[in-house]
Structure formats: C-alpha cells, structure tokens
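Chemist: This is run.txt (compact mmCIF, C-alpha atoms).
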```txt
# COMPACT_ATOMS: atom_id res chain seq x y z
CA MET V 243 0.00 0.00 0.00
CA ASN V 244 1.22 3.49 -0.81
CA ASN V 245 2.16 5.34 2.38
CA HIS V 246 2.17 8.78 0.82
CA GLY V 247 -0.64 11.23 1.48
CA LEU V 248 -2.90 12.73 -1.12
CA VAL V 249 -4.13 16.31 -1.16
CA ILE V 250 -7.18 17.16 -3.22
CA ILE V 251 -8.29 20.78 -3.53
CA HIS V 252 -11.69 21.71 -4.93
CA THR V 253 -12.04 25.36 -5.98
CA GLY V 254 -14.20 27.47 -8.21
CA ASP V 255 -17.61 29.08 -8.46
CA GLY V 256 -20.86 27.19 -8.26
CA LYS V 257 -22.02 24.13 -6.43
CA GLY V 258 -20.67 20.60 -6.03
CA LYS V 259 -17.20 21.12 -4.57
CA SER V 260 -18.12 20.19 -1.00
CA THR V 261 -20.29 17.31 -2.14
CA ALA V 262 -17.44 15.90 -4.20
CA ALA V 263 -14.91 16.36 -1.41
CA PHE V 264 -17.08 14.77 1.27
CA GLY V 265 -17.96 11.89 -1.06
CA LEU V 266 -14.26 11.16 -1.63
CA ALA V 267 -13.52 11.51 2.08
CA LEU V 268 -16.28 9.11 3.08
CA ARG V 269 -15.13 6.51 0.54
CA ALA V 270 -11.52 6.81 1.72
CA TYR V 271 -12.56 6.55 5.37
CA GLY V 272 -14.68 3.52 4.54
CA ALA V 273 -11.60 1.95 2.96
CA GLY V 274 -9.69 2.37 6.22
CA LEU V 275 -7.63 5.40 5.24
CA ASN V 276 -6.99 8.37 7.49
CA VAL V 277 -8.90 11.44 6.33
CA LEU V 278 -8.59 15.10 7.23
CA ILE V 279 -10.99 17.68 5.88
CA LEU V 280 -10.23 21.39 5.97
CA GLN V 281 -13.00 23.65 4.77
CA PHE V 282 -13.08 27.39 4.62
CA ILE V 283 -16.61 28.73 4.74
CA LYS V 284 -17.30 32.36 3.94
CA GLY V 285 -20.11 34.24 5.60
CA ASN V 286 -22.76 33.02 8.00
CA LYS V 287 -24.42 30.62 5.60
CA ILE V 288 -25.18 27.21 7.14
CA SER V 289 -23.68 24.53 4.96
CA GLY V 290 -25.29 21.24 4.02
CA GLU V 291 -22.36 19.50 5.70
CA LEU V 292 -23.15 21.10 9.06
CA THR V 293 -26.75 19.98 8.71
CA ALA V 294 -25.53 16.46 7.91
CA LEU V 295 -23.29 16.46 10.97
CA GLU V 296 -26.19 17.55 13.15
CA SER V 297 -28.18 14.65 11.73
CA LEU V 298 -25.33 12.27 12.53
CA ALA V 299 -25.47 13.45 16.13
CA LYS V 300 -29.06 12.23 16.36
CA ILE V 301 -28.18 8.63 15.48
CA GLU V 302 -28.56 6.64 18.69
CA ASN V 303 -26.54 3.48 18.03
CA LYS V 304 -23.35 4.77 16.46
CA THR V 305 -20.54 2.38 15.64
CA THR V 306 -17.15 2.93 17.29
CA GLU V 307 -15.90 4.47 14.04
CA MET V 308 -18.86 6.84 13.92
CA GLN V 309 -18.27 7.86 17.56
CA SER V 310 -14.60 8.52 16.87
CA ALA V 311 -15.39 10.55 13.76
CA TRP V 312 -18.08 12.49 15.60
CA GLN V 313 -15.65 13.32 18.40
CA ARG V 314 -13.20 14.83 15.93
CA VAL V 315 -15.92 16.72 14.08
CA ALA V 316 -17.32 18.13 17.33
CA TYR V 317 -13.79 19.21 18.37
CA PHE V 318 -13.14 21.06 15.12
CA ARG V 319 -16.62 22.58 15.28
CA GLY V 320 -15.77 23.82 18.79
CA LEU V 321 -12.58 25.40 17.48
CA GLU V 322 -14.50 27.04 14.65
CA LEU V 323 -17.00 28.49 17.12
CA TYR V 324 -14.18 29.65 19.41
CA ASN V 325 -12.40 31.36 16.52
CA ASN V 326 -15.68 33.07 15.60
CA LEU V 327 -15.90 34.36 19.21
CA LYS V 328 -18.95 32.20 19.97
CA PHE V 329 -17.54 31.06 23.28
CA GLU V 330 -20.73 29.70 24.90
CA GLU V 331 -21.41 27.54 21.84
CA SER V 332 -17.80 26.39 21.71
CA VAL V 333 -17.99 25.23 25.34
CA ALA V 334 -21.06 23.14 24.44
CA ALA V 335 -19.18 21.55 21.52
CA PHE V 336 -16.11 20.84 23.66
CA ASN V 337 -18.35 19.26 26.31
CA GLN V 338 -19.62 16.84 23.66
CA VAL V 339 -16.04 15.87 22.84
CA ILE V 340 -15.12 15.41 26.49
CA ALA V 341 -18.19 13.22 27.07
CA LEU V 342 -16.84 10.73 24.48
CA LYS V 343 -14.09 9.40 26.73
CA ALA V 344 -13.17 6.18 24.98
CA TYR V 345 -12.11 7.33 21.55
CA ASP V 346 -9.30 9.81 20.87
CA LYS V 347 -7.62 10.84 24.12
CA GLU V 348 -5.55 13.61 22.50
CA ILE V 349 -8.62 15.20 20.93
CA ARG V 350 -10.42 14.91 24.27
CA ALA V 351 -7.50 16.56 26.08
CA MET V 352 -7.34 19.40 23.55
CA ALA V 353 -11.10 19.94 23.94
CA GLN V 354 -10.57 20.24 27.69
CA TYR V 355 -7.88 22.88 27.14
CA TRP V 356 -9.96 24.91 24.71
CA LYS V 357 -12.98 24.66 27.00
CA GLY V 358 -10.85 26.38 29.65
CA GLU V 359 -9.82 29.04 27.14
CA ALA V 360 -13.44 29.72 26.15
CA LEU V 361 -14.57 29.91 29.77
CA TYR V 362 -11.76 32.35 30.47
CA ARG V 363 -12.88 34.56 27.55
CA LEU V 364 -16.39 34.48 29.05
CA GLU V 365 -14.83 35.77 32.29
CA LYS V 366 -15.92 32.61 34.11
CA TYR V 367 -12.58 32.38 35.86
CA THR V 368 -13.55 29.78 38.48
CA ASP V 369 -14.95 27.47 35.78
CA ALA V 370 -11.93 28.10 33.55
CA ALA V 371 -9.52 27.19 36.37
CA GLU V 372 -11.49 23.99 36.98
CA ALA V 373 -11.35 23.11 33.27
CA TYR V 374 -7.58 23.59 33.26
CA LYS V 375 -7.25 21.49 36.42
CA GLN V 376 -9.27 18.71 34.80
CA LEU V 377 -6.87 18.84 31.87
CA GLN V 378 -4.06 17.89 34.24
CA THR V 379 -5.72 14.52 34.93
CA THR V 380 -7.01 13.90 31.41
CA PRO V 381 -5.34 10.96 29.65
CA GLY V 382 -3.25 12.16 26.72
CA ALA V 383 -2.70 15.64 28.14
CA TYR V 384 0.75 15.25 29.68
CA THR V 385 2.60 15.21 26.35
CA MET V 386 0.77 18.27 24.98
CA PRO V 387 2.58 21.62 24.88
CA GLU V 388 -0.57 23.13 26.43
CA PHE V 389 -0.16 20.93 29.51
CA LYS V 390 2.49 23.17 31.08
CA THR V 391 0.69 26.30 29.93
CA CYS V 392 -2.37 25.34 31.94
CA TYR V 393 -0.43 25.99 35.19
CA TYR V 394 0.08 29.58 34.10
CA ASN V 395 -3.54 29.85 32.94
CA ILE V 396 -4.83 28.61 36.30
CA GLY V 397 -2.65 31.19 38.01
CA TYR V 398 -4.05 33.90 35.80
CA CYS V 399 -7.63 32.80 36.59
CA TYR V 400 -6.92 33.16 40.30
CA PHE V 401 -5.24 36.51 39.64
CA LYS V 402 -8.42 37.71 37.91
CA LEU V 403 -10.39 36.45 40.93
CA LYS V 404 -8.06 38.58 43.12
CA ASP V 405 -6.85 35.47 44.95
CA TYR V 406 -3.22 36.49 44.67
CA THR V 407 -1.81 33.88 47.05
CA THR V 408 -3.30 31.00 45.06
CA ALA V 409 -2.28 32.70 41.81
CA ALA V 410 1.32 32.90 43.04
CA ASP V 411 1.27 29.19 43.92
CA TRP V 412 0.17 28.29 40.40
CA TYR V 413 2.71 30.65 38.82
CA ARG V 414 5.39 28.96 40.92
CA LYS V 415 4.25 25.54 39.66
CA TYR V 416 4.38 26.86 36.10
CA THR V 417 7.93 28.12 36.62
CA GLU V 418 9.02 24.77 38.08
CA LYS V 419 7.48 22.87 35.16
CA THR V 420 9.07 25.09 32.52
CA GLU V 421 12.47 24.97 34.22
CA ASP V 422 12.30 21.15 34.01
CA ALA V 423 11.98 21.33 30.23
```
Could you write out this file's structure as structure tokens?
Modeler:
Amino acid sequence: MNNHGLVIIHTGDGKGKSTAAFGLALRAYGAGLNVLILQFIKGNKISGELTALESLAKIENKTTEMQSAWQRVAYFRGLELYNNLKFEESVAAFNQVIALKAYDKEIRAMAQYWKGEALYRLEKYTDAAEAYKQLQTTPGAYTMPEFKTCYYNIGYCYFKLKDYTTAADWYRKYTEKTEDA
C-alpha cells in the first residue's frame, strides 16, 4: 500500500465542490484510510455539511468508528465556534467531545484545554480554572505543549479572581514545570 498522502483541492464558483470532497472523504474513510478535511466557509451561511453532521449526532446506536469521527468533528466545530468568538457555543461543543471518553484521548484533552480558554474569555474564571485542572488529569494531556501552559492559565484565573496567594502558587508551579523542560 502506498504510504504517501494525497491532497485534493476543490475550488471554483458554483455548487458541487463540498459534495465531491465529502464523497471522496467518506469513501476513503470507509476503505480504512486516514482522512482530514479542511474547509473554509465564507459568511454566516449554514452549509449542508453542518446539517448532515447535526443529523449524525441524532443517530442513537453509532458504531465505534462513527463515535470517533463524531468526536473529531465536534472538536473542530468547537474550534471554529471559538475562533468566531462564539464562546458559549464552543464550550457546548467541547463538552460533547469530552463526554466521548473512549475514543481519541488527545482530541479529548485538547477539547478540555480549549474549553478552559473559552470559559476564560467568558470571564468565568472559576470554571476556567477547573477546566484547566481537569486537563491535568485527562489521559493524553501530559505530552501536549498546552499541559504546562495550563499551570500559568490557572494562576491567571486566580489573579483575575483577586486570589493572589493562590495565583502565586500556580505561577510557581508553572515556573518549576518550565524549568524542568
């Protein structure tokens, strides 16, 4: 089997590009290949793909492969919402990812991190600190670059809460962790 990747780019005016791309992706995934889809959507128009993903969420008895795919899709949807400054909605998407514990531990850990970031942007500093603390015990988190950053982020949450003693403790932990690197 060929171990090289394949990049397919669909561009141009008119309809059919997304349909073609998702059709190819589904066939490749069905054949056991790894698939990554990057899509740039302009404007606030709801795409047919998003509607399809929402329909997939309603399926009660998903296979393991469907659960795993859904976890990744929900994670990337959460990032999209976060990047569009829709922090409340992104937290909901990240919570869906976190609820699917048994599939991709790295995706789950990243969702936990970004949940903390979104809560921080919402000025829910206590909840953000808790999300970052949960990251510290999430399988797959220890090897992430964000793992050490969460110590600093927790400190900053406590700083914003005017709990300077606790903030200093977390900043100290961050310094110790980064000195170990």
Chemist: Using all atoms listed in the file, which protein or nucleic acid residues come within 9 Å of Glu331 in chain V? Drop anything in the same chain fewer than 6 positions from it, and give the result as a ChimeraX atom specification.
Modeler: /V:320,323-324
Chemist: Quote the spacing between CA of Asn326 in chain V and CA of Ile396 in chain V in Å to one decimal place.
Modeler: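 We find that CA of Asn326 in chain V and CA of Ile396 in chain V lie 23.8 Å from each other.
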Chemist: Out of V:Thr379, V:Thr407, V:Gln338, V:Asn395, which residue has the shortest atom-to-atom distance to Arg314 in chain V when counting only C-alpha atoms?
Modeler: V:Gln338
Chemist: May I ask for the distance between CA of Leu321 in chain V and CA of Tyr355 in chain V, given in Å to one decimal place?
Modeler: 11.0 Å
Chemist: At a cut-off of 12 Å, using all atoms listed in the file, what residues contact Ile340 in chain V? Leave out same-chain residues fewer than 5 positions from it and give the result as a VMD selection string.
Modeler: chain V and resid 310 312 to 314 316 to 317 320 333 to 335 345 to 357 373 376 to 377 380 to 381
Chemist: Calculate how many Å separate CA of Val339 in chain V from CA of Ile301 in chain V, rounding to one decimal.
Modeler: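 CA of Val339 in chain V sits 15.9 Å away from CA of Ile301 in chain V.
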Chemist: Excluding Tyr394 in chain V and any residue of its chain fewer than 3 positions from it, enumerate the residues within 6 Å of it, using all atoms listed in the file, and give them as a PyMOL selection string.
Modeler: chain V and resi 391+397+413+416
Chemist: Output C-alpha atoms of each residue in that selection to a file, as a short mmCIF file (atom, residue, chain, number, x, y, z; two decimals), in the frame of the given file.
Modeler:
```
data_model
loop_
_atom_site.label_atom_id
_atom_site.label_comp_id
_atom_site.auth_asym_id
_atom_site.auth_seq_id
_atom_site.Cartn_x
_atom_site.Cartn_y
_atom_site.Cartn_z
CA THR V 391 0.69 26.30 29.93
CA GLY V 397 -2.65 31.19 38.01
CA TYR V 413 2.71 30.65 38.82
CA TYR V 416 4.38 26.86 36.10
#
```
Chemist: Could you add the missing atoms to range 373-393 of chain V, up to N, CA, C and O atoms, and return them as an mmCIF file, in the frame of the given file?
Modeler:
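Final file, out-v8.cif:
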```cif
data_model
loop_
_atom_site.group_PDB
_atom_site.id
_atom_site.type_symbol
_atom_site.label_atom_id
_atom_site.label_comp_id
_atom_site.auth_asym_id
_atom_site.auth_seq_id
_atom_site.Cartn_x
_atom_site.Cartn_y
_atom_site.Cartn_z
ATOM 1 N N ALA V 373 -11.577 23.793 34.553
ATOM 2 C CA ALA V 373 -11.350 23.110 33.270
ATOM 3 C C ALA V 373 -9.870 22.826 33.064
ATOM 4 O O ALA V 373 -9.483 21.726 32.644
ATOM 5 N N TYR V 374 -9.022 23.800 33.385
ATOM 6 C CA TYR V 374 -7.580 23.590 33.260
ATOM 7 C C TYR V 374 -7.088 22.519 34.236
ATOM 8 O O TYR V 374 -6.231 21.703 33.901
ATOM 9 N N LYS V 375 -7.636 22.509 35.439
ATOM 10 C CA LYS V 375 -7.250 21.490 36.420
ATOM 11 C C LYS V 375 -7.656 20.100 35.935
ATOM 12 O O LYS V 375 -6.918 19.130 36.113
ATOM 13 N N GLN V 376 -8.822 20.007 35.338
ATOM 14 C CA GLN V 376 -9.270 18.710 34.800
ATOM 15 C C GLN V 376 -8.347 18.251 33.676
ATOM 16 O O GLN V 376 -8.127 17.056 33.512
ATOM 17 N N LEU V 377 -7.812 19.187 32.925
ATOM 18 C CA LEU V 377 -6.870 18.840 31.870
ATOM 19 C C LEU V 377 -5.670 18.094 32.453
ATOM 20 O O LEU V 377 -5.164 17.150 31.858
ATOM 21 N N GLN V 378 -5.233 18.495 33.632
ATOM 22 C CA GLN V 378 -4.060 17.890 34.240
ATOM 23 C C GLN V 378 -4.238 16.407 34.547
ATOM 24 O O GLN V 378 -3.252 15.686 34.678
ATOM 25 N N THR V 379 -5.469 15.945 34.661
ATOM 26 C CA THR V 379 -5.720 14.520 34.930
ATOM 27 C C THR V 379 -6.359 13.813 33.738
ATOM 28 O O THR V 379 -6.773 12.667 33.856
ATOM 29 N N THR V 380 -6.419 14.497 32.604
ATOM 30 C CA THR V 380 -7.010 13.900 31.410
ATOM 31 C C THR V 380 -5.970 13.058 30.679
ATOM 32 O O THR V 380 -4.878 13.553 30.382
ATOM 33 N N PRO V 381 -6.294 11.784 30.404
ATOM 34 C CA PRO V 381 -5.340 10.960 29.650
ATOM 35 C C PRO V 381 -4.989 11.618 28.313
ATOM 36 O O PRO V 381 -5.851 12.168 27.639
ATOM 37 N N GLY V 382 -3.713 11.574 27.965
ATOM 38 C CA GLY V 382 -3.250 12.160 26.720
ATOM 39 C C GLY V 382 -2.791 13.593 26.836
ATOM 40 O O GLY V 382 -2.226 14.154 25.904
ATOM 41 N N ALA V 383 -3.017 14.219 27.999
ATOM 42 C CA ALA V 383 -2.700 15.640 28.140
ATOM 43 C C ALA V 383 -1.228 15.893 28.458
ATOM 44 O O ALA V 383 -0.685 16.920 28.062
ATOM 45 N N TYR V 384 -0.587 14.997 29.162
ATOM 46 C CA TYR V 384 0.750 15.250 29.680
ATOM 47 C C TYR V 384 1.772 15.587 28.587
ATOM 48 O O TYR V 384 2.666 16.388 28.803
ATOM 49 N N THR V 385 1.629 14.987 27.426
ATOM 50 C CA THR V 385 2.600 15.210 26.350
ATOM 51 C C THR V 385 2.289 16.437 25.500
ATOM 52 O O THR V 385 3.067 16.791 24.621
ATOM 53 N N MET V 386 1.163 17.096 25.749
ATOM 54 C CA MET V 386 0.770 18.270 24.980
ATOM 55 C C MET V 386 1.559 19.505 25.410
ATOM 56 O O MET V 386 1.809 19.685 26.604
ATOM 57 N N PRO V 387 1.924 20.369 24.482
ATOM 58 C CA PRO V 387 2.580 21.620 24.880
ATOM 59 C C PRO V 387 1.691 22.465 25.796
ATOM 60 O O PRO V 387 2.182 23.170 26.662
ATOM 61 N N GLU V 388 0.382 22.356 25.633
ATOM 62 C CA GLU V 388 -0.570 23.130 26.430
ATOM 63 C C GLU V 388 -0.612 22.668 27.888
ATOM 64 O O GLU V 388 -1.098 23.399 28.749
ATOM 65 N N PHE V 389 -0.096 21.473 28.155
ATOM 66 C CA PHE V 389 -0.160 20.930 29.510
ATOM 67 C C PHE V 389 0.548 21.853 30.503
ATOM 68 O O PHE V 389 0.007 22.191 31.551
ATOM 69 N N LYS V 390 1.751 22.276 30.174
ATOM 70 C CA LYS V 390 2.490 23.170 31.080
ATOM 71 C C LYS V 390 1.856 24.554 31.119
ATOM 72 O O LYS V 390 1.832 25.200 32.162
ATOM 73 N N THR V 391 1.325 24.989 30.000
ATOM 74 C CA THR V 391 0.690 26.300 29.930
ATOM 75 C C THR V 391 -0.502 26.395 30.872
ATOM 76 O O THR V 391 -0.796 27.473 31.397
ATOM 77 N N CYS V 392 -1.174 25.277 31.097
ATOM 78 C CA CYS V 392 -2.370 25.340 31.940
ATOM 79 C C CYS V 392 -2.033 25.774 33.368
ATOM 80 O O CYS V 392 -2.856 26.390 34.031
ATOM 81 N N TYR V 393 -0.823 25.508 33.862
ATOM 82 C CA TYR V 393 -0.430 25.990 35.190
ATOM 83 C C TYR V 393 -0.459 27.518 35.224
ATOM 84 O O TYR V 393 -0.954 28.123 36.183
#
```
